[in-house]
Each structure stands twice: as C-alpha cells, then as structure tokens.
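Please read the structure below before turning to the comments.
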Amino acid sequence: MNKSSKVLRGFGILLPIPLVSTVVFFLLAQSDPYYIDKAMWSLGIFSLIVVCFTVYFKEVVIKENWSDIPLFFRFVWWFIFMMNSFNFIYQFMTTFIF
C-alpha cells in the first residue's frame, strides 16, 4: 500500500467524525441551546479537515498536472477550498477574537 492511499484513508476516517458530532450536537441543541457552540465548532473542524484534504489533493496527488484539469473541476476545487476556509476562519474569529 502506498503512502497516498494511507493518507486518503486517514482523511476518510477523519471526515465523518466531526460531521456526525455536528449532527448530534445540533439535535441536542433542540432541547438545550448550550450545544449550538459545540455544533458550530464540530462543523469548523470538519471544514479544517476538508481544507487540509483539498490542499493535499492539489499539491500531492495532482502536482504539476493542475493546468491539465478541466476548468469546471478547478472551479469546484476552489469553491470547496474557499467556502471551508471561510467557515473555519469565521468560527475561529467569532470564538476567540470577537
């Protein structure tokens, strides 16, 4: 098994954990608003993992073949990267700065 597949398996294991915890915390928040902050942080951690995955995918998997990728795929990649980056940055700033 090569290094790339181990890393992809690691991302595959890491991604569902904050996603499931986000859903659980949002369901718990229906009865107790205390869990909203925990749910938002779970979603922020999910976004951080997605950002790490997209950077890994672009820099390690695709490498210098980025210009050969269709424009639509590059647009989708940038959209996923930017939206998840903004979500994590927003969560970090609202918790620690504002």
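Identifiers in the structure tokens: chain A, B, ... in order shown; residue index from 1 per chain; ligand index from 1 in order shown.
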
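When the distance limit is 10 Å and only C-alpha atoms are what count, the residues near range 50-52 of chain A, minus those fewer than 2 positions from it on the same chain, are Phe11, Leu14, Leu15, Gly44, Ile45, Phe46, Ser47, Leu48, Thr54, Val55, Tyr56, Phe57, Ile80, Phe81, Met82, Met83, Asn84, Ser85 and Phe88 of chain A.
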
* Asked: Interatomic distance between CA of Phe26 in chain A and CA of Ala39 in chain A?
  -> 5.8 Å

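Of note, CA of Trp78 in chain A and CA of Lys58 in chain A are spaced 10.3 Å apart.
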
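Of the residues listed (A:Ser21, A:Asn2, A:Gln30, A:Ser42), A:Ser42 shows the shortest atom-to-atom separation from Asn87 in chain A; distances use only C-alpha atoms.
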
* To do: Please report, as a ChimeraX atom specification, each residue of range 45-80 of chain A to which DSSP assigns alpha helix (DSSP H) when run on this structure's backbone.
  => /A:45-56,71-80

* List the neighbours of Ile13 in chain A out to 12 Å using only C-alpha atoms; skip same-chain residues closer than 6 positions along the sequence, and give me the result as a ChimeraX atom specification. => /A:6-7,19-20,46,49,53

* Exercise: Lys38 in chain A partners within 12 Å, only C-alpha atoms, chain neighbours under 3 positions left out, as a ChimeraX atom specification -> /A:18-19,21-29,32-35,41-45,91,95

* Structure fact -> Correct to one decimal, the distance CA of Trp66 in chain A-CA of Phe79 in chain A is 15.5 Å
